[in-house]
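Content type mmCIF, C-alpha atoms; chains and numbers go by the auth columns, from the file work_22.cif:
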```cif
data_work
loop_
_atom_site.group_PDB
_atom_site.id
_atom_site.type_symbol
_atom_site.label_atom_id
_atom_site.label_comp_id
_atom_site.label_asym_id
_atom_site.label_seq_id
_atom_site.Cartn_x
_atom_site.Cartn_y
_atom_site.Cartn_z
_atom_site.B_iso_or_equiv
_atom_site.auth_seq_id
_atom_site.auth_asym_id
ATOM 1 C CA MET A 1 -0.528 -75.086 -4.339 0.00 1 A
ATOM 2 C CA LYS A 2 -1.180 -73.316 -7.646 0.00 2 A
ATOM 3 C CA SER A 3 -3.227 -70.624 -5.906 0.00 3 A
ATOM 4 C CA ALA A 4 -0.349 -69.918 -3.495 0.00 4 A
ATOM 5 C CA HIS A 5 2.024 -69.409 -6.462 0.00 5 A
ATOM 6 C CA ALA A 6 -0.514 -67.218 -8.246 0.00 6 A
ATOM 7 C CA PHE A 7 -1.038 -65.168 -5.092 0.00 7 A
ATOM 8 C CA ALA A 8 2.725 -64.730 -4.639 0.00 8 A
ATOM 9 C CA LEU A 9 3.031 -63.636 -8.278 0.00 9 A
ATOM 10 C CA VAL A 10 0.217 -61.078 -7.867 0.00 10 A
ATOM 11 C CA ILE A 11 1.894 -59.674 -4.728 0.00 11 A
ATOM 12 C CA ALA A 12 5.290 -59.457 -6.465 0.00 12 A
ATOM 13 C CA LEU A 13 3.791 -57.649 -9.464 0.00 13 A
ATOM 14 C CA SER A 14 1.887 -55.253 -7.199 0.00 14 A
ATOM 15 C CA VAL A 15 5.018 -54.364 -5.257 0.00 15 A
ATOM 16 C CA ALA A 16 6.953 -53.847 -8.491 0.00 16 A
ATOM 17 C CA ALA A 17 4.234 -51.581 -9.883 0.00 17 A
ATOM 18 C CA CYS A 18 4.129 -49.492 -6.706 0.00 18 A
ATOM 19 C CA ALA A 19 7.891 -49.145 -6.664 0.00 19 A
ATOM 20 C CA LYS A 20 7.898 -47.315 -9.995 0.00 20 A
ATOM 21 C CA ARG A 21 9.195 -43.766 -9.384 0.00 21 A
ATOM 22 C CA ASP A 22 7.129 -41.931 -12.005 0.00 22 A
ATOM 23 C CA PRO A 23 3.378 -42.574 -11.660 0.00 23 A
ATOM 24 C CA VAL A 24 2.631 -40.883 -15.007 0.00 24 A
ATOM 25 C CA ALA A 25 2.842 -42.934 -18.177 0.00 25 A
ATOM 26 C CA ASP A 26 5.548 -41.799 -20.591 0.00 26 A
ATOM 27 C CA GLU A 27 3.001 -41.456 -23.395 0.00 27 A
ATOM 28 C CA ALA A 28 0.633 -39.264 -21.353 0.00 28 A
ATOM 29 C CA ASN A 29 -0.100 -35.967 -23.059 0.00 29 A
ATOM 30 C CA ASN A 30 -2.946 -34.577 -20.988 0.00 30 A
ATOM 31 C CA VAL A 31 -0.915 -32.250 -18.791 0.00 31 A
ATOM 32 C CA VAL A 32 -1.552 -29.078 -20.782 0.00 32 A
ATOM 33 C CA GLY A 33 -2.694 -26.305 -18.481 0.00 33 A
ATOM 34 C CA LEU A 34 -1.255 -27.751 -15.295 0.00 34 A
ATOM 35 C CA PRO A 35 0.954 -25.369 -13.323 0.00 35 A
ATOM 36 C CA PRO A 36 4.684 -26.100 -13.189 0.00 36 A
ATOM 37 C CA VAL A 37 5.691 -28.576 -10.488 0.00 37 A
ATOM 38 C CA ASP A 38 7.221 -25.806 -8.371 0.00 38 A
ATOM 39 C CA GLN A 39 3.973 -23.790 -8.352 0.00 39 A
ATOM 40 C CA VAL A 40 1.492 -25.662 -6.246 0.00 40 A
ATOM 41 C CA ALA A 41 -1.181 -24.452 -3.882 0.00 41 A
ATOM 42 C CA GLY A 42 0.517 -23.380 -0.679 0.00 42 A
ATOM 43 C CA ALA A 43 3.689 -22.161 -2.384 0.00 43 A
ATOM 44 C CA LYS A 44 4.586 -18.540 -1.868 0.00 44 A
ATOM 45 C CA VAL A 45 4.367 -16.244 -4.874 0.00 45 A
ATOM 46 C CA GLY A 46 7.850 -15.711 -6.279 0.00 46 A
ATOM 47 C CA THR A 47 9.320 -18.875 -4.784 0.00 47 A
ATOM 48 C CA PRO A 48 12.373 -19.832 -6.858 0.00 48 A
ATOM 49 C CA SER A 49 12.011 -22.915 -9.005 0.00 49 A
ATOM 50 C CA ALA A 50 14.405 -25.838 -8.934 0.00 50 A
ATOM 51 C CA ASP A 51 16.672 -24.149 -11.506 0.00 51 A
ATOM 52 C CA GLY A 52 16.798 -20.908 -9.487 0.00 52 A
ATOM 53 C CA SER A 53 14.541 -18.876 -11.766 0.00 53 A
ATOM 54 C CA VAL A 54 11.549 -17.033 -10.330 0.00 54 A
ATOM 55 C CA PRO A 55 8.297 -17.831 -12.189 0.00 55 A
ATOM 56 C CA THR A 56 6.324 -14.662 -12.897 0.00 56 A
ATOM 57 C CA HIS A 57 3.460 -15.765 -15.140 0.00 57 A
ATOM 58 C CA VAL A 58 1.285 -17.434 -12.498 0.00 58 A
ATOM 59 C CA ALA A 59 0.615 -16.503 -8.896 0.00 59 A
ATOM 60 C CA THR A 60 -0.570 -19.208 -6.555 0.00 60 A
ATOM 61 C CA VAL A 61 -2.233 -19.267 -3.198 0.00 61 A
ATOM 62 C CA PRO A 62 0.154 -18.344 -0.382 0.00 62 A
ATOM 63 C CA ALA A 63 0.453 -20.361 2.814 0.00 63 A
ATOM 64 C CA ALA A 64 -2.786 -20.874 4.761 0.00 64 A
ATOM 65 C CA ASP A 65 -2.032 -18.060 7.217 0.00 65 A
ATOM 66 C CA ALA A 66 -1.515 -15.479 4.445 0.00 66 A
ATOM 67 C CA ARG A 67 -4.068 -13.741 2.215 0.00 67 A
ATOM 68 C CA PRO A 68 -4.736 -15.173 -1.266 0.00 68 A
ATOM 69 C CA ALA A 69 -3.380 -13.386 -4.321 0.00 69 A
ATOM 70 C CA ALA A 70 -5.289 -10.268 -5.350 0.00 70 A
ATOM 71 C CA ILE A 71 -7.520 -10.259 -8.405 0.00 71 A
ATOM 72 C CA PRO A 72 -5.517 -8.584 -11.216 0.00 72 A
ATOM 73 C CA ALA A 73 -6.153 -4.878 -11.843 0.00 73 A
ATOM 74 C CA LYS A 74 -7.268 -5.441 -15.460 0.00 74 A
ATOM 75 C CA LEU A 75 -10.225 -7.505 -14.215 0.00 75 A
ATOM 76 C CA ARG A 76 -11.372 -5.049 -11.539 0.00 76 A
ATOM 77 C CA GLY A 77 -14.285 -2.680 -11.969 0.00 77 A
ATOM 78 C CA ARG A 78 -18.017 -2.591 -12.633 0.00 78 A
ATOM 79 C CA TRP A 79 -19.253 -5.123 -15.192 0.00 79 A
ATOM 80 C CA GLY A 80 -22.787 -5.582 -16.541 0.00 80 A
ATOM 81 C CA LEU A 81 -24.544 -8.500 -18.217 0.00 81 A
ATOM 82 C CA THR A 82 -26.654 -5.931 -20.103 0.00 82 A
ATOM 83 C CA PRO A 83 -26.173 -2.190 -20.636 0.00 83 A
ATOM 84 C CA GLY A 84 -29.224 -1.379 -18.490 0.00 84 A
ATOM 85 C CA VAL A 85 -27.742 -2.769 -15.285 0.00 85 A
ATOM 86 C CA CYS A 86 -24.851 -0.312 -15.445 0.00 86 A
ATOM 87 C CA THR A 87 -27.168 2.712 -15.233 0.00 87 A
ATOM 88 C CA SER A 88 -30.078 1.411 -13.155 0.00 88 A
ATOM 89 C CA THR A 89 -31.125 3.770 -10.353 0.00 89 A
ATOM 90 C CA ARG A 90 -33.906 1.513 -9.018 0.00 90 A
ATOM 91 C CA GLY A 91 -31.630 -0.801 -7.027 0.00 91 A
ATOM 92 C CA ASP A 92 -32.481 -3.761 -9.258 0.00 92 A
ATOM 93 C CA ALA A 93 -29.115 -4.221 -10.971 0.00 93 A
ATOM 94 C CA LYS A 94 -29.156 -8.023 -10.695 0.00 94 A
ATOM 95 C CA GLY A 95 -26.750 -8.420 -13.636 0.00 95 A
ATOM 96 C CA LEU A 96 -24.116 -6.099 -12.140 0.00 96 A
ATOM 97 C CA LEU A 97 -20.801 -7.593 -11.044 0.00 97 A
ATOM 98 C CA LEU A 98 -18.328 -5.564 -9.006 0.00 98 A
ATOM 99 C CA VAL A 99 -14.813 -6.991 -9.121 0.00 99 A
ATOM 100 C CA GLY A 100 -12.407 -5.737 -6.473 0.00 100 A
ATOM 101 C CA GLY A 101 -8.909 -6.782 -5.563 0.00 101 A
ATOM 102 C CA ASP A 102 -10.189 -9.049 -2.804 0.00 102 A
ATOM 103 C CA GLY A 103 -13.385 -10.482 -4.265 0.00 103 A
ATOM 104 C CA LEU A 104 -16.650 -10.258 -6.177 0.00 104 A
ATOM 105 C CA GLN A 105 -19.919 -8.544 -5.324 0.00 105 A
ATOM 106 C CA PHE A 106 -23.212 -9.442 -6.945 0.00 106 A
ATOM 107 C CA TYR A 107 -26.735 -8.137 -6.354 0.00 107 A
ATOM 108 C CA GLU A 108 -27.257 -10.024 -3.087 0.00 108 A
ATOM 109 C CA SER A 109 -24.047 -11.989 -2.554 0.00 109 A
ATOM 110 C CA ARG A 110 -20.331 -11.595 -2.075 0.00 110 A
ATOM 111 C CA ALA A 111 -17.481 -13.969 -2.911 0.00 111 A
ATOM 112 C CA THR A 112 -13.870 -14.055 -1.810 0.00 112 A
ATOM 113 C CA PRO A 113 -11.129 -16.327 -3.161 0.00 113 A
ATOM 114 C CA ALA A 114 -10.574 -19.080 -0.608 0.00 114 A
ATOM 115 C CA ARG A 115 -8.151 -21.619 -2.126 0.00 115 A
ATOM 116 C CA ASN A 116 -6.793 -23.104 -5.371 0.00 116 A
ATOM 117 C CA VAL A 117 -5.962 -19.619 -6.613 0.00 117 A
ATOM 118 C CA HIS A 118 -4.337 -19.215 -10.035 0.00 118 A
ATOM 119 C CA SER A 119 -3.692 -15.804 -11.514 0.00 119 A
ATOM 120 C CA SER A 120 -2.228 -14.086 -14.552 0.00 120 A
ATOM 121 C CA PRO A 121 -2.557 -10.459 -15.694 0.00 121 A
ATOM 122 C CA VAL A 122 -5.755 -11.309 -17.650 0.00 122 A
ATOM 123 C CA SER A 123 -7.282 -14.214 -15.722 0.00 123 A
ATOM 124 C CA PHE A 124 -8.030 -15.316 -12.187 0.00 124 A
ATOM 125 C CA SER A 125 -9.492 -18.569 -10.922 0.00 125 A
ATOM 126 C CA ALA A 126 -10.172 -19.923 -7.462 0.00 126 A
ATOM 127 C CA ASP A 127 -12.565 -21.682 -5.188 0.00 127 A
ATOM 128 C CA PHE A 128 -14.654 -18.677 -4.117 0.00 128 A
ATOM 129 C CA ALA A 129 -16.367 -18.636 -0.720 0.00 129 A
ATOM 130 C CA TYR A 130 -19.818 -17.089 -1.232 0.00 130 A
ATOM 131 C CA THR A 131 -22.186 -15.519 1.290 0.00 131 A
ATOM 132 C CA GLY A 132 -25.603 -14.091 0.572 0.00 132 A
ATOM 133 C CA GLU A 133 -29.283 -14.322 1.427 0.00 133 A
ATOM 134 C CA GLY A 134 -28.446 -16.044 4.725 0.00 134 A
ATOM 135 C CA GLN A 135 -26.483 -18.855 3.058 0.00 135 A
ATOM 136 C CA SER A 136 -22.863 -19.696 2.308 0.00 136 A
ATOM 137 C CA TRP A 137 -21.348 -21.946 -0.351 0.00 137 A
ATOM 138 C CA THR A 138 -18.175 -22.510 -2.348 0.00 138 A
ATOM 139 C CA LYS A 139 -17.892 -22.518 -6.119 0.00 139 A
ATOM 140 C CA TYR A 140 -14.871 -22.740 -8.434 0.00 140 A
ATOM 141 C CA GLU A 141 -14.874 -19.813 -10.858 0.00 141 A
ATOM 142 C CA THR A 142 -12.624 -18.309 -13.499 0.00 142 A
ATOM 143 C CA LEU A 143 -12.563 -14.684 -14.621 0.00 143 A
ATOM 144 C CA THR A 144 -10.951 -14.054 -18.009 0.00 144 A
ATOM 145 C CA LEU A 145 -10.527 -10.813 -19.912 0.00 145 A
ATOM 146 C CA GLN A 146 -11.278 -11.395 -23.611 0.00 146 A
ATOM 147 C CA ARG A 147 -10.758 -8.195 -25.567 0.00 147 A
ATOM 148 C CA ASP A 148 -13.010 -5.718 -23.767 0.00 148 A
ATOM 149 C CA LYS A 149 -15.327 -8.335 -22.189 0.00 149 A
ATOM 150 C CA LEU A 150 -15.093 -10.181 -18.894 0.00 150 A
ATOM 151 C CA VAL A 151 -16.034 -13.858 -19.092 0.00 151 A
ATOM 152 C CA ARG A 152 -16.989 -15.483 -15.782 0.00 152 A
ATOM 153 C CA THR A 153 -17.078 -19.271 -15.914 0.00 153 A
ATOM 154 C CA GLU A 154 -18.342 -21.287 -12.981 0.00 154 A
ATOM 155 C CA SER A 155 -18.493 -24.987 -12.295 0.00 155 A
ATOM 156 C CA SER A 156 -21.085 -27.304 -10.749 0.00 156 A
ATOM 157 C CA PRO A 157 -23.092 -26.741 -12.863 0.00 157 A
ATOM 158 C CA MET A 158 -20.916 -25.438 -15.664 0.00 158 A
ATOM 159 C CA ALA A 159 -22.031 -22.013 -16.894 0.00 159 A
ATOM 160 C CA SER A 160 -20.409 -19.037 -18.581 0.00 160 A
ATOM 161 C CA PHE A 161 -21.432 -15.359 -18.441 0.00 161 A
ATOM 162 C CA THR A 162 -20.073 -12.485 -20.531 0.00 162 A
ATOM 163 C CA TYR A 163 -19.986 -8.970 -19.054 0.00 163 A
ATOM 164 C CA ALA A 164 -19.276 -5.567 -20.608 0.00 164 A
ATOM 165 C CA ARG A 165 -17.387 -2.959 -18.619 0.00 165 A
ATOM 166 C CA CYS A 166 -19.659 -0.236 -17.223 0.00 166 A
ATOM 167 C CA ASP A 167 -18.493 3.308 -18.031 0.00 167 A
#
```
Go through the file and emit its structure as structure tokens.
Amino acid sequence: MKSAHAFALVIALSVAACAKRDPVADEANNVVGLPPVDQVAGAKVGTPSADGSVPTHVATVPAADARPAAIPAKLRGRWGLTPGVCTSTRGDAKGLLLVGGDGLQFYESRATPARNVHSSPVSFSADFAYTGEGQSWTKYETLTLQRDKLVRTESSPMASFTYARCD
């Protein structure tokens, strides 16, 4: 009989815990860097927030049938890991990165933003869909302008690369 009471108590506590409206603990402080609630993947850029204001600091991925946000103009151009790759005439510029409005181009691969797009005037991050050398893969990357350098950070495995703008 005791086990039936204990089981009933466990069920009652479970239902009460699930009924809580806010799943985030009041003392949680690890939400820095998350987009506002009204800016989630799939929302249209410029969608009014709950208070009627239009957020302008972050663009998000549009609906699935629309094109992702463009890479900001300040990040676009020819970027080199070393000065030599910017001027190479031998076709061996393996450290050259071309950033366009719709994607990235490396020595033997191309990448286009596919989903989870977040953008500001000086940064852009997304799951990029890569193709190259007969293969395709997806990798989450962030491009950030830091002074006059472009920092490309990728995940899985985590790595960071710093590029200088080619003249």
**Prompt:** Distance CA of Pro72 (chain A)-CA of Ser88 (chain A), one decimal place?
**Reply:** 26.6 Å
**Item:** Minimum-distance residue to Arg147 (chain A), chosen among A:Ala69, A:Ala129, A:Cys166, A:Val122 (using all atoms listed in the file)
**Value:**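 Of all the options, A:Val122 lies closest to Arg147 (chain A).
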Could you list the residues chosen by the PyMOL selection byres ((chain A and resi 76) around 12) in this structure as a PDB file with C-alpha atoms, keeping the file's coordinate frame?
```pdb
ATOM      1  CA  ALA A  70      -5.289 -10.268  -5.350  1.00  0.00           C
ATOM      2  CA  ILE A  71      -7.520 -10.259  -8.405  1.00  0.00           C
ATOM      3  CA  PRO A  72      -5.517  -8.584 -11.216  1.00  0.00           C
ATOM      4  CA  ALA A  73      -6.153  -4.878 -11.843  1.00  0.00           C
ATOM      5  CA  LYS A  74      -7.268  -5.441 -15.460  1.00  0.00           C
ATOM      6  CA  LEU A  75     -10.225  -7.505 -14.215  1.00  0.00           C
ATOM      7  CA  GLY A  77     -14.285  -2.680 -11.969  1.00  0.00           C
ATOM      8  CA  ARG A  78     -18.017  -2.591 -12.633  1.00  0.00           C
ATOM      9  CA  TRP A  79     -19.253  -5.123 -15.192  1.00  0.00           C
ATOM     10  CA  LEU A  97     -20.801  -7.593 -11.044  1.00  0.00           C
ATOM     11  CA  LEU A  98     -18.328  -5.564  -9.006  1.00  0.00           C
ATOM     12  CA  VAL A  99     -14.813  -6.991  -9.121  1.00  0.00           C
ATOM     13  CA  GLY A 100     -12.407  -5.737  -6.473  1.00  0.00           C
ATOM     14  CA  GLY A 101      -8.909  -6.782  -5.563  1.00  0.00           C
ATOM     15  CA  ASP A 102     -10.189  -9.049  -2.804  1.00  0.00           C
ATOM     16  CA  GLY A 103     -13.385 -10.482  -4.265  1.00  0.00           C
ATOM     17  CA  LEU A 104     -16.650 -10.258  -6.177  1.00  0.00           C
ATOM     18  CA  GLN A 105     -19.919  -8.544  -5.324  1.00  0.00           C
ATOM     19  CA  PRO A 121      -2.557 -10.459 -15.694  1.00  0.00           C
ATOM     20  CA  VAL A 122      -5.755 -11.309 -17.650  1.00  0.00           C
ATOM     21  CA  SER A 123      -7.282 -14.214 -15.722  1.00  0.00           C
ATOM     22  CA  PHE A 124      -8.030 -15.316 -12.187  1.00  0.00           C
ATOM     23  CA  LEU A 143     -12.563 -14.684 -14.621  1.00  0.00           C
ATOM     24  CA  THR A 144     -10.951 -14.054 -18.009  1.00  0.00           C
ATOM     25  CA  LEU A 145     -10.527 -10.813 -19.912  1.00  0.00           C
ATOM     26  CA  LYS A 149     -15.327  -8.335 -22.189  1.00  0.00           C
ATOM     27  CA  LEU A 150     -15.093 -10.181 -18.894  1.00  0.00           C
ATOM     28  CA  ARG A 165     -17.387  -2.959 -18.619  1.00  0.00           C
ATOM     29  CA  CYS A 166     -19.659  -0.236 -17.223  1.00  0.00           C
TER      30      CYS A 166
END
```
**Request:** May I ask for the distance between CA of Glu108 (chain A) and CA of Gly132 (chain A), given in Å to one decimal place?
**Result:**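 Between CA of Glu108 (chain A) and CA of Gly132 (chain A) the gap is 5.7 Å.
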**Message:** List as a PyMOL selection string the protein and nucleic acid residues near Glu133 (chain A), meaning an atom at most 12 Å away when only C-alpha atoms are counted, but skip any in the same chain fewer than 3 places from it.
**Reply:** chain A and resi 106-110+130+136-137
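With CA of Ala164 (chain A) on one side and CA of Thr89 (chain A) on the other, the separation reads 18.2 Å.
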